[in-house]
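Shown next: model-v9.pdb, containing PDB, C-alpha atoms.
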ATOM      1  CA  MET A   1    -100.337-221.033-230.694
ATOM      2  CA  ALA A   2     -97.047-222.413-231.999
ATOM      3  CA  GLU A   3     -94.836-224.169-229.498
ATOM      4  CA  GLU A   4     -91.364-222.776-230.096
ATOM      5  CA  LYS A   5     -91.932-219.974-232.580
ATOM      6  CA  LYS A   6     -89.162-217.409-232.209
ATOM      7  CA  LEU A   7     -90.423-213.900-231.881
ATOM      8  CA  THR A   8     -89.107-210.530-232.898
ATOM      9  CA  GLU A   9     -88.849-207.922-230.128
ATOM     10  CA  GLN A  10     -91.857-206.109-231.555
ATOM     11  CA  GLU A  11     -93.918-209.304-231.652
ATOM     12  CA  SER A  12     -92.936-210.109-228.065
ATOM     13  CA  LEU A  13     -94.137-206.740-226.858
ATOM     14  CA  GLN A  14     -97.343-207.083-228.837
ATOM     15  CA  LEU A  15     -97.962-210.535-227.371
ATOM     16  CA  ILE A  16     -97.405-209.303-223.805
ATOM     17  CA  THR A  17     -99.847-206.420-224.345
ATOM     18  CA  GLU A  18    -102.417-208.712-225.925
ATOM     19  CA  MET A  19    -102.272-211.233-223.070
ATOM     20  CA  ILE A  20    -102.497-208.577-220.359
ATOM     21  CA  HIS A  21    -105.528-207.144-222.148
ATOM     22  CA  LYS A  22    -107.105-210.608-222.375
ATOM     23  CA  VAL A  23    -106.765-211.049-218.611
ATOM     24  CA  LYS A  24    -108.280-207.622-217.958
ATOM     25  CA  SER A  25    -111.269-208.344-220.151
ATOM     26  CA  SER A  26    -111.853-211.636-218.331
ATOM     27  CA  PHE A  27    -112.997-209.946-215.133
ATOM     28  CA  HIS A  28    -116.723-210.418-214.731
ATOM     29  CA  GLU A  29    -118.771-209.429-211.747
ATOM     30  CA  SER A  30    -122.417-210.346-211.478
ATOM     31  CA  GLY A  31    -123.207-207.594-208.952
ATOM     32  CA  THR A  32    -125.366-210.045-206.955
ATOM     33  CA  SER A  33    -123.764-209.266-203.571
ATOM     34  CA  ALA A  34    -124.031-205.518-204.135
ATOM     35  CA  ILE A  35    -127.708-205.866-205.080
ATOM     36  CA  LEU A  36    -128.364-208.054-202.033
ATOM     37  CA  TRP A  37    -126.814-205.642-199.523
ATOM     38  CA  GLY A  38    -128.090-202.533-201.277
ATOM     39  CA  SER A  39    -131.637-203.925-201.117
ATOM     40  CA  ILE A  40    -131.336-205.042-197.486
ATOM     41  CA  ILE A  41    -129.886-201.754-196.180
ATOM     42  CA  GLY A  42    -132.233-199.736-198.402
ATOM     43  CA  PHE A  43    -135.256-201.645-197.105
ATOM     44  CA  CYS A  44    -134.232-201.689-193.428
ATOM     45  CA  GLY A  45    -133.464-197.956-193.439
ATOM     46  CA  LEU A  46    -136.720-197.071-195.138
ATOM     47  CA  PHE A  47    -138.727-199.399-192.872
ATOM     48  CA  SER A  48    -137.159-197.833-189.740
ATOM     49  CA  PHE A  49    -137.915-194.363-191.054
ATOM     50  CA  LEU A  50    -141.553-195.319-191.692
ATOM     51  CA  GLN A  51    -141.763-196.875-188.215
ATOM     52  CA  PHE A  52    -140.782-193.542-186.657
ATOM     53  CA  GLN A  53    -142.891-191.537-189.067
ATOM     54  CA  PHE A  54    -146.105-193.506-188.559
ATOM     55  CA  GLN A  55    -145.394-194.736-185.025
ATOM     56  CA  PHE A  56    -145.938-198.450-185.494
ATOM     57  CA  SER A  57    -144.110-201.329-183.863
ATOM     58  CA  THR A  58    -143.014-204.801-184.942
ATOM     59  CA  GLY A  59    -142.737-205.982-181.341
ATOM     60  CA  TRP A  60    -139.523-207.747-180.458
ATOM     61  CA  PHE A  61    -138.481-207.999-184.091
ATOM     62  CA  ASP A  62    -136.036-205.323-185.149
ATOM     63  CA  VAL A  63    -136.003-204.986-188.924
ATOM     64  CA  TRP A  64    -132.200-204.589-188.864
ATOM     65  CA  LEU A  65    -131.985-208.269-187.833
ATOM     66  CA  LEU A  66    -132.537-208.934-191.536
ATOM     67  CA  THR A  67    -128.881-207.967-192.062
ATOM     68  CA  PHE A  68    -127.897-211.031-190.005
ATOM     69  CA  ILE A  69    -130.253-213.254-191.993
ATOM     70  CA  ALA A  70    -128.762-211.909-195.251
ATOM     71  CA  ILE A  71    -125.382-213.397-194.302
ATOM     72  CA  LEU A  72    -126.688-216.832-195.308
ATOM     73  CA  PRO A  73    -127.453-215.997-198.976
ATOM     74  CA  GLN A  74    -124.201-214.017-199.066
ATOM     75  CA  ILE A  75    -122.250-217.146-198.069
ATOM     76  CA  ILE A  76    -124.044-219.153-200.775
ATOM     77  CA  ILE A  77    -123.354-216.431-203.388
ATOM     78  CA  SER A  78    -119.666-216.267-202.387
ATOM     79  CA  ILE A  79    -119.192-220.041-202.575
ATOM     80  CA  ARG A  80    -120.942-220.226-205.958
ATOM     81  CA  GLU A  81    -118.970-217.332-207.450
ATOM     82  CA  THR A  82    -115.654-218.684-206.124
ATOM     83  CA  ARG A  83    -116.396-222.023-207.816
ATOM     84  CA  GLN A  84    -117.130-220.323-211.124
ATOM     85  CA  LYS A  85    -113.999-218.174-211.116
ATOM     86  CA  ARG A  86    -111.067-219.490-213.099
ATOM     87  CA  ILE A  87    -108.626-216.747-212.185
ATOM     88  CA  LEU A  88    -107.842-214.931-208.985
ATOM     89  CA  THR A  89    -106.285-211.481-209.248
ATOM     90  CA  TYR A  90    -104.222-209.633-206.639
ATOM     91  CA  GLU A  91    -106.686-206.761-206.863
ATOM     92  CA  GLU A  92    -109.595-209.085-206.195
ATOM     93  CA  THR A  93    -107.824-210.568-203.174
ATOM     94  CA  ALA A  94    -107.236-207.070-201.771
ATOM     95  CA  MET A  95    -110.860-206.041-202.419
ATOM     96  CA  ASN A  96    -112.184-209.197-200.759
ATOM     97  CA  ALA A  97    -110.028-208.398-197.722
ATOM     98  CA  ILE A  98    -111.385-204.830-197.558
ATOM     99  CA  TRP A  99    -115.009-206.010-197.689
ATOM    100  CA  LEU A 100    -114.363-208.769-195.145
ATOM    101  CA  VAL A 101    -112.837-206.259-192.737
ATOM    102  CA  PHE A 102    -115.803-203.955-193.412
ATOM    103  CA  GLY A 103    -118.229-206.743-192.501
ATOM    104  CA  ILE A 104    -116.342-207.512-189.286
ATOM    105  CA  SER A 105    -116.214-203.795-188.417
ATOM    106  CA  ILE A 106    -119.973-203.369-188.929
ATOM    107  CA  PHE A 107    -120.698-206.184-186.506
ATOM    108  CA  ALA A 108    -118.039-204.912-184.089
ATOM    109  CA  LEU A 109    -119.689-201.481-184.147
ATOM    110  CA  THR A 110    -123.108-203.054-183.568
ATOM    111  CA  PHE A 111    -121.677-204.914-180.595
ATOM    112  CA  TYR A 112    -120.112-201.683-179.304
ATOM    113  CA  ASN A 113    -123.395-199.819-179.668
ATOM    114  CA  ASN A 114    -125.315-202.468-177.754
ATOM    115  CA  ALA A 115    -122.745-203.312-175.088
ATOM    116  CA  VAL A 116    -120.995-200.063-174.119
ATOM    117  CA  PRO A 117    -123.991-198.110-172.722
ATOM    118  CA  LYS A 118    -125.040-201.041-170.477
ATOM    119  CA  ILE A 119    -121.460-201.699-169.363
ATOM    120  CA  THR A 120    -120.936-197.992-168.632
ATOM    121  CA  GLU A 121    -124.105-197.939-166.546
ATOM    122  CA  SER A 122    -122.985-201.026-164.609
ATOM    123  CA  PHE A 123    -119.549-199.474-163.921
ATOM    124  CA  TYR A 124    -121.256-196.381-162.513
ATOM    125  CA  ALA A 125    -123.589-198.566-160.458
ATOM    126  CA  LYS A 126    -120.622-200.440-158.936
ATOM    127  CA  GLU A 127    -119.242-197.100-157.775
ATOM    128  CA  GLY A 128    -122.623-196.185-156.365
ATOM    129  CA  ILE A 129    -123.317-193.597-159.043
ATOM    130  CA  GLU A 130    -126.608-193.190-160.847
ATOM    131  CA  LEU A 131    -126.914-190.804-163.762
ATOM    132  CA  LEU A 132    -129.956-188.560-163.594
ATOM    133  CA  GLN A 133    -131.718-186.300-166.033
ATOM    134  CA  LYS A 134    -133.965-183.358-165.271
ATOM    135  CA  ASN A 135    -136.869-182.217-167.361
ATOM    136  CA  ILE A 136    -136.450-178.451-167.249
ATOM    137  CA  ALA A 137    -140.108-177.878-168.066
ATOM    138  CA  THR A 138    -141.647-180.065-165.356
ATOM    139  CA  GLY A 139    -138.667-180.336-162.999
ATOM    140  CA  GLU A 140    -139.078-184.120-162.986
ATOM    141  CA  ILE A 141    -135.863-186.056-162.335
ATOM    142  CA  THR A 142    -135.493-189.531-163.811
ATOM    143  CA  THR A 143    -132.695-192.066-164.343
ATOM    144  CA  PHE A 144    -130.527-191.366-167.372
ATOM    145  CA  HIS A 145    -129.478-194.410-169.343
ATOM    146  CA  PRO A 146    -126.263-193.724-171.318
ATOM    147  CA  PHE A 147    -126.235-194.238-175.064
ATOM    148  CA  VAL A 148    -123.790-193.685-177.920
ATOM    149  CA  LEU A 149    -124.545-190.343-179.543
ATOM    150  CA  SER A 150    -125.486-190.336-183.242
ATOM    151  CA  ILE A 151    -124.196-193.872-183.803
ATOM    152  CA  SER A 152    -125.947-194.012-187.174
ATOM    153  CA  SER A 153    -123.557-191.302-188.441
ATOM    154  CA  VAL A 154    -120.623-193.599-187.632
ATOM    155  CA  TYR A 155    -122.251-196.397-189.626
ATOM    156  CA  LEU A 156    -122.466-194.042-192.615
ATOM    157  CA  ILE A 157    -118.719-193.342-192.461
ATOM    158  CA  LEU A 158    -118.111-197.062-192.316
ATOM    159  CA  TYR A 159    -120.323-197.649-195.385
ATOM    160  CA  ALA A 160    -118.358-195.013-197.296
ATOM    161  CA  VAL A 161    -114.875-196.463-196.650
ATOM    162  CA  PRO A 162    -114.953-199.745-198.635
ATOM    163  CA  THR A 163    -117.341-198.303-201.208
ATOM    164  CA  LEU A 164    -115.137-195.346-202.095
ATOM    165  CA  ALA A 165    -111.961-197.469-201.891
ATOM    166  CA  THR A 166    -113.471-200.017-204.307
ATOM    167  CA  GLY A 167    -114.782-197.337-206.637
ATOM    168  CA  LEU A 168    -111.408-195.591-206.839
ATOM    169  CA  ALA A 169    -109.341-198.769-207.099
ATOM    170  CA  ARG A 170    -111.558-200.251-209.822
ATOM    171  CA  LYS A 171    -112.199-196.930-211.528
ATOM    172  CA  PHE A 172    -115.891-197.719-211.195
ATOM    173  CA  LYS A 173    -117.650-194.361-211.131
ATOM    174  CA  PRO A 174    -121.059-195.430-209.737
ATOM    175  CA  MET A 175    -119.357-196.764-206.593
ATOM    176  CA  THR A 176    -117.022-193.769-206.311
ATOM    177  CA  PHE A 177    -120.100-191.541-206.488
ATOM    178  CA  GLY A 178    -121.831-193.764-203.904
ATOM    179  CA  GLY A 179    -118.873-193.442-201.509
ATOM    180  CA  ILE A 180    -118.726-189.656-201.881
ATOM    181  CA  ILE A 181    -122.470-189.241-201.400
ATOM    182  CA  CYS A 182    -122.217-191.447-198.321
ATOM    183  CA  TYR A 183    -119.745-188.995-196.746
ATOM    184  CA  LEU A 184    -122.206-186.225-197.595
ATOM    185  CA  PHE A 185    -124.974-188.200-195.854
ATOM    186  CA  PHE A 186    -122.662-188.579-192.856
ATOM    187  CA  ILE A 187    -122.318-184.784-192.556
ATOM    188  CA  ILE A 188    -126.072-184.303-192.936
ATOM    189  CA  SER A 189    -126.756-187.016-190.332
ATOM    190  CA  CYS A 190    -124.774-185.066-187.722
ATOM    191  CA  PHE A 191    -127.538-182.447-187.850
ATOM    192  CA  THR A 192    -130.587-184.686-188.129
ATOM    193  CA  THR A 193    -132.604-186.828-185.744
ATOM    194  CA  TYR A 194    -132.465-190.621-185.665
ATOM    195  CA  LYS A 195    -135.605-190.841-187.803
ATOM    196  CA  TYR A 196    -134.002-188.996-190.721
ATOM    197  CA  ASP A 197    -130.704-190.817-190.136
ATOM    198  CA  MET A 198    -132.596-193.991-191.022
ATOM    199  CA  LEU A 199    -133.754-192.416-194.269
ATOM    200  CA  LEU A 200    -130.133-191.484-195.018
ATOM    201  CA  HIS A 201    -129.126-195.098-194.316
ATOM    202  CA  SER A 202    -131.691-196.261-196.815
ATOM    203  CA  LEU A 203    -130.419-193.818-199.444
ATOM    204  CA  ALA A 204    -126.813-194.809-198.671
ATOM    205  CA  GLY A 205    -127.664-198.480-199.302
ATOM    206  CA  ILE A 206    -129.299-197.550-202.603
ATOM    207  CA  PHE A 207    -126.503-195.253-203.839
ATOM    208  CA  CYS A 208    -123.531-197.241-202.519
ATOM    209  CA  TRP A 209    -124.572-200.754-203.503
ATOM    210  CA  LEU A 210    -127.981-201.199-205.107
ATOM    211  CA  ILE A 211    -127.476-198.850-208.082
ATOM    212  CA  PRO A 212    -123.824-199.900-208.725
ATOM    213  CA  GLY A 213    -124.918-203.527-208.315
ATOM    214  CA  LEU A 214    -127.685-203.128-210.884
ATOM    215  CA  ILE A 215    -125.241-201.485-213.307
ATOM    216  CA  LEU A 216    -122.797-204.381-212.817
ATOM    217  CA  ARG A 217    -125.608-206.842-213.310
ATOM    218  CA  ARG A 218    -126.696-205.176-216.540
ATOM    219  CA  ASN A 219    -123.096-205.242-217.831
ATOM    220  CA  TYR A 220    -122.674-208.842-216.717
ATOM    221  CA  LEU A 221    -125.785-209.924-218.564
ATOM    222  CA  LYS A 222    -124.643-208.039-221.640
ATOM    223  CA  GLY A 223    -121.411-209.964-221.304
ATOM    224  CA  ASN A 224    -119.226-206.895-221.519
ATOM    225  CA  ALA A 225    -118.459-206.247-217.861
ATOM    226  CA  CYS A 226    -114.987-204.854-217.406
ATOM    227  CA  VAL A 227    -114.967-204.229-213.691
ATOM    228  CA  ASN A 228    -114.939-206.649-210.817
ATOM    229  CA  VAL A 229    -116.199-205.333-207.516
TER
ATOM    230  CA  MET B   1     -74.077-203.874-224.215
ATOM    231  CA  PHE B   2     -77.419-205.613-224.717
ATOM    232  CA  LYS B   3     -78.733-208.044-222.216
ATOM    233  CA  GLU B   4     -79.509-211.357-223.860
ATOM    234  CA  LEU B   5     -83.206-212.196-224.029
ATOM    235  CA  ASP B   6     -84.096-215.082-221.725
ATOM    236  CA  PRO B   7     -84.492-218.091-224.078
ATOM    237  CA  ILE B   8     -87.099-219.620-221.784
ATOM    238  CA  LEU B   9     -89.317-216.571-222.161
ATOM    239  CA  HIS B  10     -88.458-215.758-225.751
ATOM    240  CA  SER B  11     -90.868-218.324-227.100
ATOM    241  CA  GLN B  12     -94.418-217.521-228.147
ATOM    242  CA  LEU B  13     -96.464-219.810-225.920
ATOM    243  CA  ARG B  14     -94.273-219.566-222.828
ATOM    244  CA  LEU B  15     -94.237-215.783-223.090
ATOM    245  CA  ALA B  16     -98.016-215.778-223.509
ATOM    246  CA  VAL B  17     -98.407-217.914-220.374
ATOM    247  CA  MET B  18     -96.089-215.683-218.359
ATOM    248  CA  SER B  19     -97.843-212.538-219.627
ATOM    249  CA  LEU B  20    -101.164-213.963-218.460
ATOM    250  CA  LEU B  21     -99.856-215.031-215.082
ATOM    251  CA  ILE B  22     -98.048-211.749-214.360
ATOM    252  CA  GLY B  23    -101.401-209.970-213.932
ATOM    253  CA  VAL B  24    -103.134-212.542-211.733
ATOM    254  CA  LYS B  25    -102.538-214.287-208.455
ATOM    255  CA  GLU B  26    -103.379-217.658-209.973
ATOM    256  CA  ALA B  27    -105.154-219.039-213.026
ATOM    257  CA  GLU B  28    -106.672-222.364-213.955
ATOM    258  CA  PHE B  29    -105.033-224.413-216.686
ATOM    259  CA  THR B  30    -108.211-224.337-218.783
ATOM    260  CA  PHE B  31    -108.286-220.531-218.613
ATOM    261  CA  ILE B  32    -104.695-220.301-219.864
ATOM    262  CA  ARG B  33    -105.402-222.807-222.631
ATOM    263  CA  GLU B  34    -108.447-220.846-223.757
ATOM    264  CA  LYS B  35    -106.700-217.462-223.749
ATOM    265  CA  THR B  36    -103.570-218.703-225.512
ATOM    266  CA  ASN B  37    -105.527-220.762-228.070
ATOM    267  CA  SER B  38    -103.211-223.692-227.480
ATOM    268  CA  THR B  39    -103.743-227.423-227.164
ATOM    269  CA  ALA B  40    -103.692-229.090-223.755
ATOM    270  CA  GLY B  41    -100.676-231.238-224.645
ATOM    271  CA  ASN B  42     -98.586-228.381-225.986
ATOM    272  CA  LEU B  43     -99.481-226.136-223.070
ATOM    273  CA  SER B  44     -98.636-228.855-220.528
ATOM    274  CA  VAL B  45     -95.157-229.231-222.033
ATOM    275  CA  GLN B  46     -94.493-225.490-221.996
ATOM    276  CA  ILE B  47     -95.800-225.048-218.445
ATOM    277  CA  GLN B  48     -93.604-227.934-217.347
ATOM    278  CA  LYS B  49     -90.575-226.110-218.839
ATOM    279  CA  LEU B  50     -91.523-222.964-216.932
ATOM    280  CA  LYS B  51     -91.969-225.020-213.806
ATOM    281  CA  ASP B  52     -88.584-226.720-214.241
ATOM    282  CA  VAL B  53     -86.776-223.364-214.217
ATOM    283  CA  GLY B  54     -88.840-222.207-211.246
ATOM    284  CA  TYR B  55     -90.834-219.508-213.035
ATOM    285  CA  VAL B  56     -94.252-220.964-212.184
ATOM    286  CA  ASP B  57     -95.818-223.079-209.481
ATOM    287  CA  VAL B  58     -98.332-225.714-210.489
ATOM    288  CA  THR B  59    -100.934-227.069-208.082
ATOM    289  CA  LYS B  60    -103.038-230.102-208.872
ATOM    290  CA  GLN B  61    -106.197-230.777-206.900
ATOM    291  CA  PHE B  62    -109.790-231.917-207.347
ATOM    292  CA  LYS B  63    -112.864-229.695-207.679
ATOM    293  CA  ASP B  64    -116.293-231.367-207.815
ATOM    294  CA  ASN B  65    -114.598-234.698-208.560
ATOM    295  CA  TYR B  66    -112.743-233.243-211.553
ATOM    296  CA  PRO B  67    -108.990-232.638-211.655
ATOM    297  CA  LEU B  68    -108.113-228.977-211.384
ATOM    298  CA  THR B  69    -104.701-227.575-212.267
ATOM    299  CA  THR B  70    -103.850-224.043-211.212
ATOM    300  CA  CYS B  71    -100.725-222.088-212.094
ATOM    301  CA  LYS B  72     -99.147-219.106-210.436
ATOM    302  CA  ILE B  73     -96.055-217.129-211.211
ATOM    303  CA  THR B  74     -93.205-217.311-208.687
ATOM    304  CA  LYS B  75     -90.980-214.491-207.403
ATOM    305  CA  LYS B  76     -88.222-215.819-209.661
ATOM    306  CA  GLY B  77     -90.660-215.772-212.564
ATOM    307  CA  ILE B  78     -91.656-212.164-211.869
ATOM    308  CA  ASN B  79     -87.990-211.087-211.792
ATOM    309  CA  ALA B  80     -87.269-212.973-215.020
ATOM    310  CA  PHE B  81     -90.295-211.414-216.718
ATOM    311  CA  GLU B  82     -89.289-207.920-215.591
ATOM    312  CA  ASP B  83     -85.727-208.465-216.830
ATOM    313  CA  TYR B  84     -87.099-209.736-220.140
ATOM    314  CA  VAL B  85     -89.293-206.643-220.595
ATOM    315  CA  LYS B  86     -86.360-204.335-219.712
ATOM    316  CA  ALA B  87     -84.144-206.088-222.251
ATOM    317  CA  LEU B  88     -86.910-205.856-224.812
ATOM    318  CA  GLN B  89     -87.227-202.120-224.216
ATOM    319  CA  GLN B  90     -83.487-201.736-224.752
ATOM    320  CA  TYR B  91     -83.683-203.481-228.120
ATOM    321  CA  LEU B  92     -86.673-201.474-229.213
ATOM    322  CA  GLN B  93     -85.120-198.128-228.212
ATOM    323  CA  VAL B  94     -82.074-198.827-230.358
ATOM    324  CA  LYS B  95     -84.184-199.885-233.325
ATOM    325  CA  LYS B  96     -86.216-196.621-233.234
TER
END
Written as structure tokens, how would this file's structure read?
Amino acid sequence: MAEEKKLTEQESLQLITEMIHKVKSSFHESGTSAILWGSIIGFCGLFSFLQFQFQFSTGWFDVWLLTFIAILPQIIISIRETRQKRILTYEETAMNAIWLVFGISIFALTFYNNAVPKITESFYAKEGIELLQKNIATGEITTFHPFVLSISSVYLILYAVPTLATGLARKFKPMTFGGIICYLFFIISCFTTYKYDMLLHSLAGIFCWLIPGLILRRNYLKGNACVNV
Amino acid sequence: MFKELDPILHSQLRLAVMSLLIGVKEAEFTFIREKTNSTAGNLSVQIQKLKDVGYVDVTKQFKDNYPLTTCKITKKGINAFEDYVKALQQYLQVKK
């Protein structure tokens, strides 16, 4: 490109358009993170469903602990992709912030789900109150341990938020569809038992992240990816 | 009355650099060189000119033991670019 070539107004406008287009076409997303989390959530949800369906136990090991283990490869993927990137867009910065906040919120909700029932019970105990439940068939009265009602539905809403936001912002239809279907799963989960909620979680992982991730991956390998999620 | 086109921006390579940087938060020097099809020496000179007038910020650091230069457009640069595009639109409307 010539150093000091004077341009006509038309050429200037053409150059600006060309450069903006070049930047846009430089966005490449491998889809690795989406595939990772889609697979993990899909597997954990399906495994939990099968556990309830066929009544088998894995002892102390809760399959959802795999989500904590998956943080390690995610960190490695993030570091590697950051090193490879030669540009950083405002949009990408905003999306990264959304997904970071999503990750924090998921773990905050997990903490809430595990801590609040026990804390509530201890508060009652300090006041000398014990919650009881009565079996209306047998008349048996036992201690009632508080729990958060249909917590898995809340997780589904949380899955939908960053997914739909990303899909709409990037104009990436598979993720927009994933986000919308996740809200649909949330409504369904309000009427289903925990066992089927787990199946919905599995499907949410597949529709929100695994399928969009595989599409991104295919585009990335073809070398014509035009979205960055 | 037409606004005069900013002479700093009204040059092919500098305008190309600014047009690239307007859409990103920051970009590596090698990326800009590749997209503008320019030589490293020529691009360095033009980026320095943009830096001198405060349109871009240049950061030099090391990545994996290799020097890494990143450029980002400044607030002043964004305003100048927007003014340039407005002026350009004025010229083009009259020529229609």
Could I get the residues of chain A with an atom no further than 12 Å from an atom of chain B, each paired with its nearest atom pair and that distance in Å to one decimal, using all atoms listed in the file, sorted by chain and residue number, as a Markdown table?
| residue | atom | partner | partner_atom | distance |
| --- | --- | --- | --- | --- |
| A:Met1 | CA | B:Ser38 | CA | 5.1 |
| A:Ala2 | CA | B:Leu13 | CA | 6.6 |
| A:Glu3 | CA | B:Leu13 | CA | 5.9 |
| A:Glu4 | CA | B:Ser11 | CA | 5.4 |
| A:Lys5 | CA | B:Gln12 | CA | 5.6 |
| A:Lys6 | CA | B:Ser11 | CA | 5.5 |
| A:Leu7 | CA | B:Ser11 | CA | 6.5 |
| A:Thr8 | CA | B:His10 | CA | 8.9 |
| A:Glu9 | CA | B:Leu88 | CA | 6.0 |
| A:Gln10 | CA | B:Leu92 | CA | 7.3 |
| A:Glu11 | CA | B:Gln12 | CA | 8.9 |
| A:Ser12 | CA | B:Gln12 | CA | 7.6 |
| A:Leu13 | CA | B:Leu88 | CA | 7.6 |
| A:Gln14 | CA | B:Ala16 | CA | 10.2 |
| A:Leu15 | CA | B:Ala16 | CA | 6.5 |
| A:Ile16 | CA | B:Ser19 | CA | 5.3 |
| A:Thr17 | CA | B:Ser19 | CA | 8.0 |
| A:Glu18 | CA | B:Ala16 | CA | 8.7 |
| A:Met19 | CA | B:Leu20 | CA | 5.5 |
| A:Ile20 | CA | B:Leu20 | CA | 5.9 |
| A:His21 | CA | B:Leu20 | CA | 8.9 |
| A:Lys22 | CA | B:Lys35 | CA | 7.0 |
| A:Val23 | CA | B:Leu20 | CA | 6.3 |
| A:Lys24 | CA | B:Gly23 | CA | 8.3 |
| A:Ser25 | CA | B:Lys35 | CA | 10.8 |
| A:Ser26 | CA | B:Lys35 | CA | 9.5 |
| A:Phe27 | CA | B:Val24 | CA | 10.8 |
| A:Thr82 | CA | B:Lys63 | CA | 11.5 |
| A:Arg83 | CA | B:Lys63 | CA | 8.4 |
| A:Gln84 | CA | B:Lys63 | CA | 10.9 |
| A:Lys85 | CA | B:Glu28 | CA | 8.9 |
| A:Arg86 | CA | B:Glu28 | CA | 5.3 |
| A:Ile87 | CA | B:Ala27 | CA | 4.2 |
| A:Leu88 | CA | B:Glu26 | CA | 5.3 |
| A:Thr89 | CA | B:Val24 | CA | 4.2 |
| A:Tyr90 | CA | B:Lys25 | CA | 5.3 |
| A:Glu91 | CA | B:Val24 | CA | 8.4 |
| A:Glu92 | CA | B:Lys25 | CA | 9.1 |
| A:Thr93 | CA | B:Lys25 | CA | 8.3 |
| A:Ala94 | CA | B:Lys25 | CA | 10.9 |
Do you have the CA of Ile41 (chain A)-CA of Ala204 (chain A) distance handy?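 Computing the Euclidean distance for CA of Ile41 (chain A) and CA of Ala204 (chain A) yields 8.0 Å.
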May I ask for the distance between CA of Gly31 (chain A) and CA of Ala70 (chain A), given in Å to one decimal place?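 Straight-line distance from CA of Gly31 (chain A) to CA of Ala70 (chain A) works out to 15.4 Å.
With distances restricted to only C-alpha atoms, A:Ile77 is the closest residue to Thr32 (chain A) from A:Ile106, A:Ile151, A:Ile71, A:Ile77.
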Please provide as a PyMOL selection string all residues within 10 Å of Ile180 (chain A), with the sequence filter that same-chain residues fewer than 6 positions apart are discarded (counting all atoms listed in the file). chain A and resi 160-161+163-164+167+186+207-208
For the residues in that selection, give me C-alpha atoms as a PDB file, in the frame of the given file.
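Dumped to selection.pdb:
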ATOM      1  CA  ALA A 160    -118.358-195.013-197.296  1.00  0.00           C
ATOM      2  CA  VAL A 161    -114.875-196.463-196.650  1.00  0.00           C
ATOM      3  CA  THR A 163    -117.341-198.303-201.208  1.00  0.00           C
ATOM      4  CA  LEU A 164    -115.137-195.346-202.095  1.00  0.00           C
ATOM      5  CA  GLY A 167    -114.782-197.337-206.637  1.00  0.00           C
ATOM      6  CA  PHE A 186    -122.662-188.579-192.856  1.00  0.00           C
ATOM      7  CA  PHE A 207    -126.503-195.253-203.839  1.00  0.00           C
ATOM      8  CA  CYS A 208    -123.531-197.241-202.519  1.00  0.00           C
TER       9      CYS A 208
END
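CA of Ala34 (chain A) lies 14.0 Å from CA of Ile76 (chain A).
The shortest atom-to-atom distance to Leu184 (chain A), with only C-alpha atoms taken into account, belongs to A:Ser153 out of A:Ser202, A:Ser153, A:Asn114, A:Ser39.
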Residues within 7 Å of region 42-57 of chain A, please, as a count of residues only. Count only C-alpha atoms; anything in the same chain fewer than 5 positions from it doesn't count. 11
Using all atoms listed in the file, which of the listed residues (A:Met175, A:Leu100, A:Val154, A:Leu168) sits closest to Cys190 (chain A)? A:Val154
Could you check the closest approach to Val53 (chain B) for each of B:Gly41, B:Gly77, B:Pro67, B:Lys3 and tell me which residue wins, using all atoms listed in the file?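 Checking each candidate against Val53 (chain B), we get B:Gly77 as the closest.
Nearest residue to Gly38 (chain A) among A:Tyr183, A:Phe123, A:Tyr159, A:Trp60 is A:Tyr159, counting only C-alpha atoms.
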Just want the 9 Å neighbourhood of Lys76 (chain B), counted on all atoms listed in the file, with same-chain residues fewer than 6 positions away dropped. Output as a compact mmCIF listing (two decimals) with C-alpha atoms, keeping the file's coordinate frame.
# COMPACT_ATOMS: atom_id res chain seq x y z
CA VAL B 53 -86.78 -223.36 -214.22
CA GLY B 54 -88.84 -222.21 -211.25
CA TYR B 55 -90.83 -219.51 -213.04
CA VAL B 56 -94.25 -220.96 -212.18
For the PyMOL selection byres ((chain A and resi 144) around 7), applied here, can you spell out every residue it catches as a ChimeraX atom specification? /A:131-133,142-143,145-146
